[in-house]
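Before any comments, here is the structure.
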Amino acid sequence: MSEPATVSARSAWAALHAVATRPGATAIAAKLDADPARVPRLSFRGGGLLLDLSRTALDEAALGALHELGRATGVLAFRDAMARGEAVNGTERRAALHIALRAPSGGFRTGGEDASGAVRGTLEAMRALAKSVHHGDVTGAMGEPFRDVVNIGIGGSDLGPAMVTRALWRPDMPMRAHYLANVDGHAWEALRPQLDPRRTLVLVASKTFTTQETMANARLVKAWLADALGAEAAGRHLAALSTNLPATAAFGIAPERVFGFRDWVGGRFSLWSAVGLSTALACGFEIFERLLAGARAMDAHFLAAPAESNLPFLLAATEVWHVNALGHPARAVLPYDERLARLPAHLQQLEMESLGKRVTMTGAPVPHRTGPVVFGEPGTNAQHSFMQLIHQGATPVPVDFVLVARPDHDHAESHRILLANGLAQAEALARGRMAEQAHAEMLAAGMPAAEADRLAPHRAFPGDRPSVTILLPALTPEALGGLVALYEHKVACLGAFWGVNPFDQWGVELGKQLAGGTLAALEGCAAAADPATAAMVAAIREQWA
Ligand code: F6P
């Protein structure tokens, strides 16, 4: 991967900053009004999705500078290296080949292996288990058909499958899925009453099979099964989704119940692998396959389309514009579909764990900002919480609006209201309302002039606040697969733009290490070294006394 410190990258960054400081560079409404061709020119289709960038301040000069920067930082070269199965995850010396998970045999290779072919065996095993469970050929130890699947996992072993299952599950689907992530015993206590151990299949999802929270929850739930069914029978209710076969065996999971994947599948990119088994069980394997097909269509677009019409590249370039050129430190994601309620949580991990980096691939400090804070909530709920800040706060926060054209219910009016709100928010952000206009509206409504004077600054909206809109025709498995793959590839492009490794996550290690010593302090076996920790440990232990 090329370093942003090369002369050409440095001059491309300088050119981008020059473009961003031109008079009118941040205008949006004026650009929309001045150019009738702007919306079609900044609307792009790929992988079954429509991406509208017209409500950003991007113009020809800005896009030109971003494309130049993309060339200088080797964004599409990085894409191609990823697809060739090279060790683009340099710090861990691994490929990042999640695209192989949704490709036909022979699609992608790494380390001399047909990576896509290697995945087929696991997919077939997942299909076979799902079919047998749904047909009642595989049952619980007491002969009862399985009704509930519990996925125990955290981070990428939870967020992706939980988000997708929530989005795609319908009441007529074969099983109910539950996700136990937090090591907080309250989470298990809330879930337990919903389950019948005789009818519950438990998946322990952990790439490493060493994650403290997951293993603690797995022990808890295994003991619950053993209490209800007996220790030997409990094994028939367990399966593992992991790369660590010795550890799954040591935990007592039969080898035929272990669904593996390779180390080139990063946790936050793993929902397409064995980690998607809960989705396949809950929704049916055909739905899972359609999800993969949707991602595959976006992969094909990403790998073939030129930068000028490449959705992931353009979404990444828009982020560079917002973060680096205009200095916006955060971005909100607002899906206008309740079924996508966990999309912001999935993107938080996907984007912030990938791009929250401060050194380049070679360990040098990154000379510019990297990953922004990502947060979100479904619309319209978000409108009644944080959208105040996005409309009128002192710092612009770009928004991704995710809209779904056709609902899967008959409440046409509700859906029209939902979409009208999403569209209106994007328009309000871009256009705003000048104080004079707010003033005139108040006078027209009969307000005394002095009161209108007083309120006008509060009722004015600055406008020129950026957003992008992504339209899905419907929330089909294909469209969702395409949407998630779009964001995955956007992350890869941003890694190249910023010169950071988007596939490692060393920043989670220190807290994990310290938790070991802190646990000993809480248990009274050791003293905490840090005075603030020691004081808080003492206060907690006082409550326990
Ligand atoms: O939070 C760090 C992390 O390693 C994530 O990257 C990963 O998705 C999560 O923990 C869970 O890891 P595992 O699947 O190995 O239990």
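Going by the structure tokens order, chains are called A, B, ..., each with residues numbered from 1, while ligands are numbered from 1 in the order shown.
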Could you give me, as a list in words, every polymer residue with an atom at most 7 Å away from an atom of ligand 1, counting only C-alpha atoms and all ligand atoms?
->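 Written in the requested form, the residues are Gly153, Ile154, Gly155, Gly156, Ser157, Ala205, Ser206, Lys207, Thr208, Phe209, Thr210, Thr211, Thr214, Gly267, Arg268, Gln505 and Val508 of chain A.
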Output all heavy atoms of each residue in that selection to a file, as an mmCIF file, in the first residue's frame.
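What ended up in result06.cif:
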data_model
loop_
_atom_site.group_PDB
_atom_site.id
_atom_site.type_symbol
_atom_site.label_atom_id
_atom_site.label_comp_id
_atom_site.auth_asym_id
_atom_site.auth_seq_id
_atom_site.Cartn_x
_atom_site.Cartn_y
_atom_site.Cartn_z
ATOM 1 N N GLY A 153 -21.824 -14.573 21.582
ATOM 2 C CA GLY A 153 -20.641 -13.997 20.948
ATOM 3 C C GLY A 153 -20.673 -12.499 21.171
ATOM 4 O O GLY A 153 -21.697 -11.943 21.611
ATOM 5 N N ILE A 154 -19.576 -11.842 20.868
ATOM 6 C CA ILE A 154 -19.514 -10.394 21.093
ATOM 7 C C ILE A 154 -18.747 -9.741 19.944
ATOM 8 O O ILE A 154 -18.003 -10.428 19.225
ATOM 9 C CB ILE A 154 -18.884 -10.098 22.490
ATOM 10 C CG1 ILE A 154 -19.214 -8.680 22.971
ATOM 11 C CG2 ILE A 154 -17.375 -10.337 22.483
ATOM 12 C CD1 ILE A 154 -19.001 -8.478 24.473
ATOM 13 N N GLY A 155 -18.922 -8.450 19.758
ATOM 14 C CA GLY A 155 -18.246 -7.742 18.666
ATOM 15 C C GLY A 155 -18.713 -8.321 17.333
ATOM 16 O O GLY A 155 -19.907 -8.525 17.106
ATOM 17 N N GLY A 156 -17.756 -8.651 16.485
ATOM 18 C CA GLY A 156 -18.102 -9.185 15.172
ATOM 19 C C GLY A 156 -18.808 -10.525 15.238
ATOM 20 O O GLY A 156 -19.466 -10.924 14.276
ATOM 21 N N SER A 157 -18.688 -11.220 16.340
ATOM 22 C CA SER A 157 -19.372 -12.504 16.480
ATOM 23 C C SER A 157 -20.788 -12.327 17.003
ATOM 24 O O SER A 157 -21.456 -13.310 17.364
ATOM 25 C CB SER A 157 -18.563 -13.416 17.413
ATOM 26 O OG SER A 157 -17.313 -13.692 16.815
ATOM 27 N N ALA A 205 -20.155 -18.464 19.367
ATOM 28 C CA ALA A 205 -19.524 -17.829 18.209
ATOM 29 C C ALA A 205 -18.326 -17.020 18.680
ATOM 30 O O ALA A 205 -18.472 -15.996 19.349
ATOM 31 C CB ALA A 205 -20.532 -16.910 17.507
ATOM 32 N N SER A 206 -17.146 -17.500 18.360
ATOM 33 C CA SER A 206 -15.946 -16.760 18.738
ATOM 34 C C SER A 206 -14.814 -17.192 17.830
ATOM 35 O O SER A 206 -14.411 -18.360 17.844
ATOM 36 C CB SER A 206 -15.571 -17.025 20.201
ATOM 37 O OG SER A 206 -14.363 -16.369 20.510
ATOM 38 N N LYS A 207 -14.310 -16.243 17.063
ATOM 39 C CA LYS A 207 -13.212 -16.566 16.154
ATOM 40 C C LYS A 207 -12.049 -17.188 16.924
ATOM 41 O O LYS A 207 -11.526 -18.224 16.562
ATOM 42 C CB LYS A 207 -12.774 -15.285 15.424
ATOM 43 C CG LYS A 207 -11.630 -15.480 14.472
ATOM 44 C CD LYS A 207 -11.327 -14.201 13.713
ATOM 45 C CE LYS A 207 -10.033 -14.380 12.911
ATOM 46 N NZ LYS A 207 -9.700 -13.205 12.120
ATOM 47 N N THR A 208 -11.680 -16.538 18.030
ATOM 48 C CA THR A 208 -10.526 -16.996 18.805
ATOM 49 C C THR A 208 -10.881 -18.076 19.821
ATOM 50 O O THR A 208 -10.030 -18.837 20.256
ATOM 51 C CB THR A 208 -9.938 -15.816 19.593
ATOM 52 O OG1 THR A 208 -11.003 -15.260 20.397
ATOM 53 C CG2 THR A 208 -9.389 -14.748 18.660
ATOM 54 N N PHE A 209 -12.119 -18.116 20.233
ATOM 55 C CA PHE A 209 -12.607 -18.979 21.308
ATOM 56 C C PHE A 209 -11.843 -18.731 22.608
ATOM 57 O O PHE A 209 -11.670 -19.621 23.439
ATOM 58 C CB PHE A 209 -12.553 -20.465 20.925
ATOM 59 C CG PHE A 209 -13.839 -21.191 21.247
ATOM 60 C CD1 PHE A 209 -14.992 -20.974 20.509
ATOM 61 C CD2 PHE A 209 -13.916 -22.072 22.323
ATOM 62 C CE1 PHE A 209 -16.187 -21.625 20.822
ATOM 63 C CE2 PHE A 209 -15.096 -22.730 22.650
ATOM 64 C CZ PHE A 209 -16.233 -22.504 21.896
ATOM 65 N N THR A 210 -11.394 -17.499 22.781
ATOM 66 C CA THR A 210 -10.720 -17.141 24.040
ATOM 67 C C THR A 210 -11.336 -15.869 24.634
ATOM 68 O O THR A 210 -10.918 -15.457 25.713
ATOM 69 C CB THR A 210 -9.221 -16.851 23.801
ATOM 70 O OG1 THR A 210 -9.115 -15.813 22.821
ATOM 71 C CG2 THR A 210 -8.466 -18.078 23.325
ATOM 72 N N THR A 211 -12.278 -15.257 23.941
ATOM 73 C CA THR A 211 -12.816 -13.973 24.406
ATOM 74 C C THR A 211 -13.496 -14.160 25.770
ATOM 75 O O THR A 211 -14.402 -14.994 25.920
ATOM 76 C CB THR A 211 -13.793 -13.402 23.358
ATOM 77 O OG1 THR A 211 -13.068 -13.277 22.132
ATOM 78 C CG2 THR A 211 -14.346 -12.055 23.758
ATOM 79 N N THR A 214 -17.388 -13.976 26.120
ATOM 80 C CA THR A 214 -18.085 -15.065 25.426
ATOM 81 C C THR A 214 -17.903 -16.375 26.167
ATOM 82 O O THR A 214 -18.865 -17.142 26.339
ATOM 83 C CB THR A 214 -17.557 -15.171 23.980
ATOM 84 O OG1 THR A 214 -17.841 -13.937 23.332
ATOM 85 C CG2 THR A 214 -18.203 -16.316 23.218
ATOM 86 N N GLY A 267 -13.238 -10.466 12.316
ATOM 87 C CA GLY A 267 -14.470 -10.586 13.102
ATOM 88 C C GLY A 267 -15.598 -9.710 12.576
ATOM 89 O O GLY A 267 -16.739 -10.155 12.409
ATOM 90 N N ARG A 268 -15.297 -8.451 12.278
ATOM 91 C CA ARG A 268 -16.356 -7.520 11.865
ATOM 92 C C ARG A 268 -16.786 -7.718 10.415
ATOM 93 O O ARG A 268 -17.692 -7.046 9.941
ATOM 94 C CB ARG A 268 -15.912 -6.079 12.135
ATOM 95 C CG ARG A 268 -14.562 -5.715 11.564
ATOM 96 C CD ARG A 268 -14.043 -4.424 12.196
ATOM 97 N NE ARG A 268 -12.722 -4.063 11.728
ATOM 98 C CZ ARG A 268 -11.575 -4.454 12.283
ATOM 99 N NH1 ARG A 268 -11.589 -5.254 13.321
ATOM 100 N NH2 ARG A 268 -10.420 -4.039 11.803
ATOM 101 N N GLN A 505 -6.972 -4.498 14.989
ATOM 102 C CA GLN A 505 -7.704 -3.818 16.068
ATOM 103 C C GLN A 505 -6.917 -3.910 17.372
ATOM 104 O O GLN A 505 -7.406 -4.375 18.378
ATOM 105 C CB GLN A 505 -9.132 -4.381 16.249
ATOM 106 C CG GLN A 505 -9.252 -5.876 16.566
ATOM 107 C CD GLN A 505 -9.024 -6.763 15.378
ATOM 108 O OE1 GLN A 505 -9.474 -6.473 14.281
ATOM 109 N NE2 GLN A 505 -8.286 -7.844 15.578
ATOM 110 N N VAL A 508 -7.972 -2.734 21.178
ATOM 111 C CA VAL A 508 -8.847 -3.388 22.153
ATOM 112 C C VAL A 508 -8.034 -4.194 23.174
ATOM 113 O O VAL A 508 -8.595 -4.705 24.144
ATOM 114 C CB VAL A 508 -9.878 -4.318 21.463
ATOM 115 C CG1 VAL A 508 -10.722 -3.539 20.477
ATOM 116 C CG2 VAL A 508 -9.198 -5.486 20.765
#
Which residue gives the smallest distance to A:Thr91 among A:Val359, A:Ala37, A:Leu314, A:Val373, with only C-alpha atoms counted?
-> A:Val359
Stretch 53-283 of chain A: which residues are strand (DSSP E) by DSSP, as number ranges by chain?
-> A: 109-110, 113-114, 148-152, 176-180, 200-205, 238-242, 258-260
With N, CA and C atoms kept, could you save the residues just selected as a compact mmCIF listing (two decimals), in the first residue's frame?
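Result saved to result-v9.txt:
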# COMPACT_ATOMS: atom_id res chain seq x y z
N ARG A 109 -8.31 -16.61 -4.31
CA ARG A 109 -7.28 -17.50 -3.77
C ARG A 109 -6.43 -16.72 -2.77
N THR A 110 -5.88 -17.42 -1.80
CA THR A 110 -4.85 -16.84 -0.95
C THR A 110 -3.97 -17.96 -0.41
N GLU A 113 -4.23 -21.36 -1.79
CA GLU A 113 -5.48 -22.11 -1.58
C GLU A 113 -6.64 -21.44 -2.33
N ASP A 114 -7.57 -22.26 -2.82
CA ASP A 114 -8.81 -21.73 -3.36
C ASP A 114 -9.68 -21.33 -2.16
N ASP A 148 -35.62 -22.37 19.40
CA ASP A 148 -34.83 -21.15 19.64
C ASP A 148 -33.36 -21.42 19.37
N VAL A 149 -32.69 -20.43 18.77
CA VAL A 149 -31.24 -20.52 18.64
C VAL A 149 -30.66 -19.33 19.41
N VAL A 150 -29.68 -19.62 20.26
CA VAL A 150 -29.01 -18.57 21.03
C VAL A 150 -27.59 -18.45 20.52
N ASN A 151 -27.23 -17.28 20.03
CA ASN A 151 -25.86 -17.02 19.58
C ASN A 151 -25.12 -16.32 20.71
N ILE A 152 -24.10 -16.99 21.24
CA ILE A 152 -23.28 -16.37 22.29
C ILE A 152 -22.00 -15.87 21.62
N ARG A 176 -36.60 -18.90 16.22
CA ARG A 176 -36.38 -17.58 16.84
C ARG A 176 -34.91 -17.48 17.23
N ALA A 177 -34.30 -16.33 16.96
CA ALA A 177 -32.88 -16.15 17.31
C ALA A 177 -32.74 -15.15 18.45
N HIS A 178 -31.78 -15.42 19.31
CA HIS A 178 -31.47 -14.52 20.44
C HIS A 178 -29.96 -14.34 20.46
N TYR A 179 -29.53 -13.18 20.90
CA TYR A 179 -28.09 -12.87 20.89
C TYR A 179 -27.66 -12.48 22.29
N LEU A 180 -26.75 -13.25 22.84
CA LEU A 180 -26.21 -12.99 24.18
C LEU A 180 -24.77 -12.54 24.00
N THR A 200 -33.79 -25.55 22.79
CA THR A 200 -32.84 -24.46 22.51
C THR A 200 -31.52 -25.00 22.00
N LEU A 201 -31.09 -24.45 20.88
CA LEU A 201 -29.78 -24.77 20.30
C LEU A 201 -28.87 -23.58 20.56
N VAL A 202 -27.69 -23.85 21.12
CA VAL A 202 -26.78 -22.77 21.54
C VAL A 202 -25.55 -22.77 20.65
N LEU A 203 -25.26 -21.63 20.04
CA LEU A 203 -24.07 -21.48 19.20
C LEU A 203 -23.06 -20.62 19.96
N VAL A 204 -21.87 -21.13 20.16
CA VAL A 204 -20.82 -20.31 20.77
C VAL A 204 -19.99 -19.76 19.61
N ALA A 205 -20.16 -18.46 19.37
CA ALA A 205 -19.52 -17.83 18.21
C ALA A 205 -18.33 -17.02 18.68
N LEU A 238 -25.35 -27.93 21.68
CA LEU A 238 -24.26 -26.96 21.51
C LEU A 238 -23.61 -27.07 20.14
N ALA A 239 -23.18 -25.95 19.59
CA ALA A 239 -22.34 -25.92 18.40
C ALA A 239 -21.38 -24.75 18.56
N ALA A 240 -20.29 -24.78 17.80
CA ALA A 240 -19.31 -23.68 17.89
C ALA A 240 -19.03 -23.13 16.50
N LEU A 241 -18.80 -21.83 16.44
CA LEU A 241 -18.44 -21.14 15.20
C LEU A 241 -17.10 -20.49 15.49
N SER A 242 -16.03 -21.06 14.97
CA SER A 242 -14.71 -20.63 15.44
C SER A 242 -13.60 -21.07 14.49
N VAL A 258 -18.72 -28.25 14.96
CA VAL A 258 -17.88 -27.05 14.88
C VAL A 258 -17.85 -26.57 13.44
N PHE A 259 -18.22 -25.31 13.25
CA PHE A 259 -18.26 -24.70 11.92
C PHE A 259 -17.11 -23.69 11.87
N GLY A 260 -16.12 -24.01 11.05
CA GLY A 260 -14.89 -23.22 11.09
C GLY A 260 -14.82 -22.15 10.02
What does the distance from atom CA of A:Ala118 to atom CA of A:Glu86 come to in Å, to one decimal?
-> 16.8 Å
Surrounding residues of A:Ala25 excluding itself and chain neighbours under 3 positions, 10 Å, only C-alpha atoms, as an mmCIF file with N, CA and C atoms, in the first residue's frame:
data_model
loop_
_atom_site.group_PDB
_atom_site.id
_atom_site.type_symbol
_atom_site.label_atom_id
_atom_site.label_comp_id
_atom_site.auth_asym_id
_atom_site.auth_seq_id
_atom_site.Cartn_x
_atom_site.Cartn_y
_atom_site.Cartn_z
ATOM 1 N N ALA A 18 -6.766 22.876 -0.663
ATOM 2 C CA ALA A 18 -6.946 24.134 -1.412
ATOM 3 C C ALA A 18 -8.365 24.209 -1.979
ATOM 4 N N VAL A 19 -8.848 23.100 -2.484
ATOM 5 C CA VAL A 19 -10.214 23.065 -3.037
ATOM 6 C C VAL A 19 -11.239 23.341 -1.935
ATOM 7 N N ALA A 20 -10.957 22.803 -0.745
ATOM 8 C CA ALA A 20 -11.927 22.939 0.353
ATOM 9 C C ALA A 20 -11.970 24.344 0.927
ATOM 10 N N THR A 21 -10.943 25.146 0.667
ATOM 11 C CA THR A 21 -10.944 26.506 1.229
ATOM 12 C C THR A 21 -11.333 27.566 0.187
ATOM 13 N N ARG A 22 -11.776 27.133 -1.000
ATOM 14 C CA ARG A 22 -12.277 28.113 -1.980
ATOM 15 C C ARG A 22 -13.533 28.772 -1.433
ATOM 16 N N ILE A 28 -24.152 23.991 -0.336
ATOM 17 C CA ILE A 28 -24.895 22.844 -0.882
ATOM 18 C C ILE A 28 -26.151 23.340 -1.609
ATOM 19 N N LYS A 31 -25.585 25.101 -4.849
ATOM 20 C CA LYS A 31 -25.153 24.189 -5.925
ATOM 21 C C LYS A 31 -26.347 23.415 -6.479
ATOM 22 N N ALA A 57 -21.383 19.013 -0.426
ATOM 23 C CA ALA A 57 -20.831 20.169 -1.148
ATOM 24 C C ALA A 57 -19.883 19.739 -2.266
ATOM 25 N N LEU A 58 -19.836 18.439 -2.526
ATOM 26 C CA LEU A 58 -18.938 17.958 -3.585
ATOM 27 C C LEU A 58 -19.296 18.615 -4.917
ATOM 28 N N ASP A 59 -18.278 19.083 -5.599
ATOM 29 C CA ASP A 59 -18.473 19.589 -6.961
ATOM 30 C C ASP A 59 -17.339 19.022 -7.807
ATOM 31 N N ALA A 61 -14.551 20.219 -8.847
ATOM 32 C CA ALA A 61 -13.188 20.439 -8.347
ATOM 33 C C ALA A 61 -12.893 19.511 -7.173
ATOM 34 N N ALA A 62 -13.874 19.389 -6.259
ATOM 35 C CA ALA A 62 -13.651 18.539 -5.088
ATOM 36 C C ALA A 62 -13.510 17.081 -5.516
ATOM 37 N N LEU A 326 -13.126 19.149 5.234
ATOM 38 C CA LEU A 326 -14.006 20.090 5.939
ATOM 39 C C LEU A 326 -13.918 19.969 7.460
#
Residue with the minimum atom-to-atom distance to A:Leu494, picked from A:Ser43, A:Asn182, A:Ser354, A:Thr395 with only C-alpha atoms counted, is A:Ser354
Within 8 Å of A:Met434, counting only C-alpha atoms, which residues qualify if same-chain residues fewer than 2 places away don't, as a PyMOL selection string?
-> chain A and resi 432+436-438+460-462
For A:Ile470, work out the shell of residues within 10 Å, counting only C-alpha atoms and skipping chain neighbours fewer than 6 positions away, then give it as a VMD selection string.
-> chain A and resid 43 to 45 49 to 53 335 400 to 404 483
Preceding selection exported with C-alpha atoms as a compact mmCIF listing (two decimals), in the first residue's frame:
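What follows is the written file out.txt:
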# COMPACT_ATOMS: atom_id res chain seq x y z
CA SER A 43 -26.57 9.80 -8.30
CA PHE A 44 -24.93 6.42 -8.74
CA ARG A 45 -26.26 2.87 -9.03
CA LEU A 49 -28.65 0.29 -4.64
CA LEU A 50 -29.00 3.98 -5.46
CA LEU A 51 -26.52 6.39 -3.86
CA ASP A 52 -27.27 10.13 -3.97
CA LEU A 53 -24.35 12.44 -3.16
CA PRO A 335 -31.91 3.95 8.69
CA ASP A 400 -26.19 8.79 5.92
CA PHE A 401 -29.93 8.42 5.28
CA VAL A 402 -30.81 4.81 4.45
CA LEU A 403 -34.28 4.61 2.90
CA VAL A 404 -36.30 1.57 1.85
CA LEU A 483 -25.71 -2.46 1.64
Find the residues near stretch 451-454 of chain A: any atom within 7 Å, counting only C-alpha atoms, skip ones fewer than 4 places away on the same chain, and give them as a ChimeraX atom specification.
-> /A:439,442-443,447
Considering only C-alpha atoms, state which residue in the set A:Arg199, A:Pro396, A:Phe497, A:Met163 is at the smallest distance from A:Pro367.
->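 Result for the nearest residue to A:Pro367: A:Phe497.
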Length of the atom CA of A:Gly48 to atom CA of A:Ala341 vector [Å] =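 Those two atoms sit 21.2 Å apart.
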Long-range neighbours of A:Ala30 as a PyMOL selection string, 9 Å cut-off, only C-alpha atoms, 5 positions minimum in chain = chain A and resi 24+35+431+464
A:Arg465, A:Ala450, A:His237, A:Gln349 ranked by distance to A:Ile390, top pick (using only C-alpha atoms) = A:Arg465
Using atom CA of A:Ala282 and atom CA of A:Pro477 as the two end points, give the distance in Å to one decimal.
-> 13.5 Å
Test item, helix (DSSP H, G or I) assignment across stretch 106-146 of chain A, answer as a CSV table (one decimal) with all heavy atoms, in the first residue's frame:
chain,number,residue,atom,x,y,z
A,115,ALA,N,-9.6,-20.1,-1.8
A,115,ALA,CA,-10.3,-19.6,-0.6
A,115,ALA,C,-11.8,-19.8,-0.7
A,115,ALA,O,-12.4,-20.2,0.3
A,115,ALA,CB,-9.9,-18.1,-0.3
A,116,SER,N,-12.3,-19.4,-1.9
A,116,SER,CA,-13.8,-19.6,-2.0
A,116,SER,C,-14.2,-21.0,-2.0
A,116,SER,O,-15.3,-21.4,-1.4
A,116,SER,CB,-14.2,-18.9,-3.3
A,116,SER,OG,-13.6,-17.8,-3.6
A,117,GLY,N,-13.4,-21.9,-2.5
A,117,GLY,CA,-13.7,-23.3,-2.5
A,117,GLY,C,-13.7,-23.8,-1.1
A,117,GLY,O,-14.5,-24.6,-0.7
A,118,ALA,N,-12.7,-23.4,-0.3
A,118,ALA,CA,-12.6,-23.8,1.1
A,118,ALA,C,-13.8,-23.5,1.9
A,118,ALA,O,-14.2,-24.2,2.8
A,118,ALA,CB,-11.4,-23.2,1.7
A,119,VAL,N,-14.5,-22.4,1.5
A,119,VAL,CA,-15.7,-21.9,2.2
A,119,VAL,C,-16.9,-22.8,1.9
A,119,VAL,O,-17.8,-23.0,2.7
A,119,VAL,CB,-16.0,-20.5,1.8
A,119,VAL,CG1,-17.3,-20.0,2.2
A,119,VAL,CG2,-14.9,-19.6,2.4
A,120,ARG,N,-16.9,-23.4,0.7
A,120,ARG,CA,-18.1,-24.1,0.3
A,120,ARG,C,-18.4,-25.3,1.2
A,120,ARG,O,-19.6,-25.6,1.5
A,120,ARG,CB,-17.9,-24.7,-1.1
A,120,ARG,CG,-17.7,-23.8,-2.3
A,120,ARG,CD,-18.5,-22.6,-2.3
A,120,ARG,NE,-20.0,-22.7,-2.4
A,120,ARG,CZ,-20.8,-21.7,-2.4
A,120,ARG,NH1,-20.4,-20.5,-2.3
A,120,ARG,NH2,-22.1,-21.9,-2.4
A,121,GLY,N,-17.4,-26.0,1.7
A,121,GLY,CA,-17.6,-27.1,2.6
A,121,GLY,C,-18.4,-26.7,3.9
A,121,GLY,O,-19.3,-27.3,4.3
A,122,THR,N,-18.0,-25.6,4.4
A,122,THR,CA,-18.6,-25.1,5.6
A,122,THR,C,-20.1,-24.6,5.3
A,122,THR,O,-21.0,-24.9,6.1
A,122,THR,CB,-17.9,-23.8,6.2
A,122,THR,OG1,-16.5,-24.2,6.4
A,122,THR,CG2,-18.5,-23.4,7.5
A,123,LEU,N,-20.2,-24.0,4.2
A,123,LEU,CA,-21.6,-23.6,3.8
A,123,LEU,C,-22.5,-24.8,3.6
A,123,LEU,O,-23.7,-24.8,4.0
A,123,LEU,CB,-21.5,-22.8,2.5
A,123,LEU,CG,-21.1,-21.3,2.6
A,123,LEU,CD1,-21.0,-20.7,1.2
A,123,LEU,CD2,-22.1,-20.5,3.5
A,124,GLU,N,-21.9,-25.8,3.0
A,124,GLU,CA,-22.8,-27.0,2.8
A,124,GLU,C,-23.1,-27.7,4.2
A,124,GLU,O,-24.2,-28.1,4.4
A,124,GLU,CB,-22.0,-28.1,1.9
A,124,GLU,CG,-22.1,-27.7,0.5
A,124,GLU,CD,-23.4,-27.2,0.0
A,124,GLU,OE1,-24.4,-27.8,0.3
A,124,GLU,OE2,-23.5,-26.1,-0.7
A,125,ALA,N,-22.1,-27.6,5.1
A,125,ALA,CA,-22.4,-28.2,6.5
A,125,ALA,C,-23.5,-27.3,7.2
A,125,ALA,O,-24.4,-27.8,7.9
A,125,ALA,CB,-21.1,-28.2,7.3
A,126,MET,N,-23.4,-26.0,7.0
A,126,MET,CA,-24.4,-25.1,7.6
A,126,MET,C,-25.8,-25.4,7.0
A,126,MET,O,-26.8,-25.5,7.7
A,126,MET,CB,-24.0,-23.6,7.3
A,126,MET,CG,-22.8,-23.2,8.1
A,126,MET,SD,-22.1,-21.6,7.5
A,126,MET,CE,-23.4,-20.4,7.9
A,127,ARG,N,-25.8,-25.6,5.7
A,127,ARG,CA,-27.1,-25.9,5.0
A,127,ARG,C,-27.7,-27.2,5.5
A,127,ARG,O,-28.9,-27.2,5.8
A,127,ARG,CB,-26.9,-26.0,3.5
A,127,ARG,CG,-28.1,-26.3,2.7
A,127,ARG,CD,-27.9,-27.0,1.4
A,127,ARG,NE,-27.0,-26.2,0.5
A,127,ARG,CZ,-27.3,-25.3,-0.3
A,127,ARG,NH1,-28.6,-25.0,-0.4
A,127,ARG,NH2,-26.5,-24.6,-1.1
A,128,ALA,N,-26.8,-28.2,5.7
A,128,ALA,CA,-27.3,-29.5,6.1
A,128,ALA,C,-27.8,-29.4,7.5
A,128,ALA,O,-28.9,-29.9,7.8
A,128,ALA,CB,-26.1,-30.5,6.1
A,129,LEU,N,-27.1,-28.7,8.4
A,129,LEU,CA,-27.6,-28.6,9.8
A,129,LEU,C,-28.9,-27.8,9.8
A,129,LEU,O,-29.9,-28.3,10.5
A,129,LEU,CB,-26.6,-27.8,10.7
A,129,LEU,CG,-27.1,-27.7,12.2
A,129,LEU,CD1,-27.0,-29.1,12.9
A,129,LEU,CD2,-26.3,-26.7,13.0
A,130,ALA,N,-29.0,-26.7,9.1
A,130,ALA,CA,-30.2,-25.9,9.1
A,130,ALA,C,-31.4,-26.8,8.6
A,130,ALA,O,-32.5,-26.8,9.2
A,130,ALA,CB,-30.1,-24.7,8.2
A,131,LYS,N,-31.2,-27.5,7.5
A,131,LYS,CA,-32.2,-28.3,7.0
A,131,LYS,C,-32.7,-29.4,8.0
A,131,LYS,O,-33.9,-29.6,8.2
A,131,LYS,CB,-31.7,-29.0,5.7
A,131,LYS,CG,-32.8,-29.4,4.7
A,131,LYS,CD,-32.1,-29.8,3.4
A,131,LYS,CE,-32.9,-31.0,2.8
A,131,LYS,NZ,-32.2,-31.8,1.9
A,132,SER,N,-31.7,-30.1,8.6
A,132,SER,CA,-32.0,-31.1,9.5
A,132,SER,C,-32.8,-30.6,10.7
A,132,SER,O,-33.7,-31.2,11.2
A,132,SER,CB,-30.8,-31.8,10.0
A,132,SER,OG,-30.0,-32.2,8.9
A,133,VAL,N,-32.3,-29.4,11.2
A,133,VAL,CA,-33.0,-28.8,12.4
A,133,VAL,C,-34.4,-28.4,12.0
A,133,VAL,O,-35.4,-28.7,12.7
A,133,VAL,CB,-32.2,-27.6,12.9
A,133,VAL,CG1,-33.0,-26.8,13.9
A,133,VAL,CG2,-30.9,-28.1,13.6
A,134,HIS,N,-34.6,-27.8,10.8
A,134,HIS,CA,-35.9,-27.4,10.4
A,134,HIS,C,-36.9,-28.5,10.1
A,134,HIS,O,-38.1,-28.4,10.4
A,134,HIS,CB,-35.8,-26.4,9.2
A,134,HIS,CG,-35.1,-25.2,9.5
A,134,HIS,ND1,-34.4,-24.5,8.5
A,134,HIS,CD2,-34.8,-24.6,10.7
A,134,HIS,CE1,-33.8,-23.4,9.1
A,134,HIS,NE2,-34.0,-23.5,10.4
A,135,HIS,N,-36.3,-29.6,9.6
A,135,HIS,CA,-37.2,-30.8,9.3
A,135,HIS,C,-37.4,-31.7,10.6
A,135,HIS,O,-38.1,-32.7,10.5
A,135,HIS,CB,-36.5,-31.6,8.2
A,135,HIS,CG,-36.6,-30.9,6.9
A,135,HIS,ND1,-36.2,-31.5,5.7
A,135,HIS,CD2,-37.1,-29.7,6.5
A,135,HIS,CE1,-36.4,-30.7,4.7
A,135,HIS,NE2,-37.0,-29.6,5.2
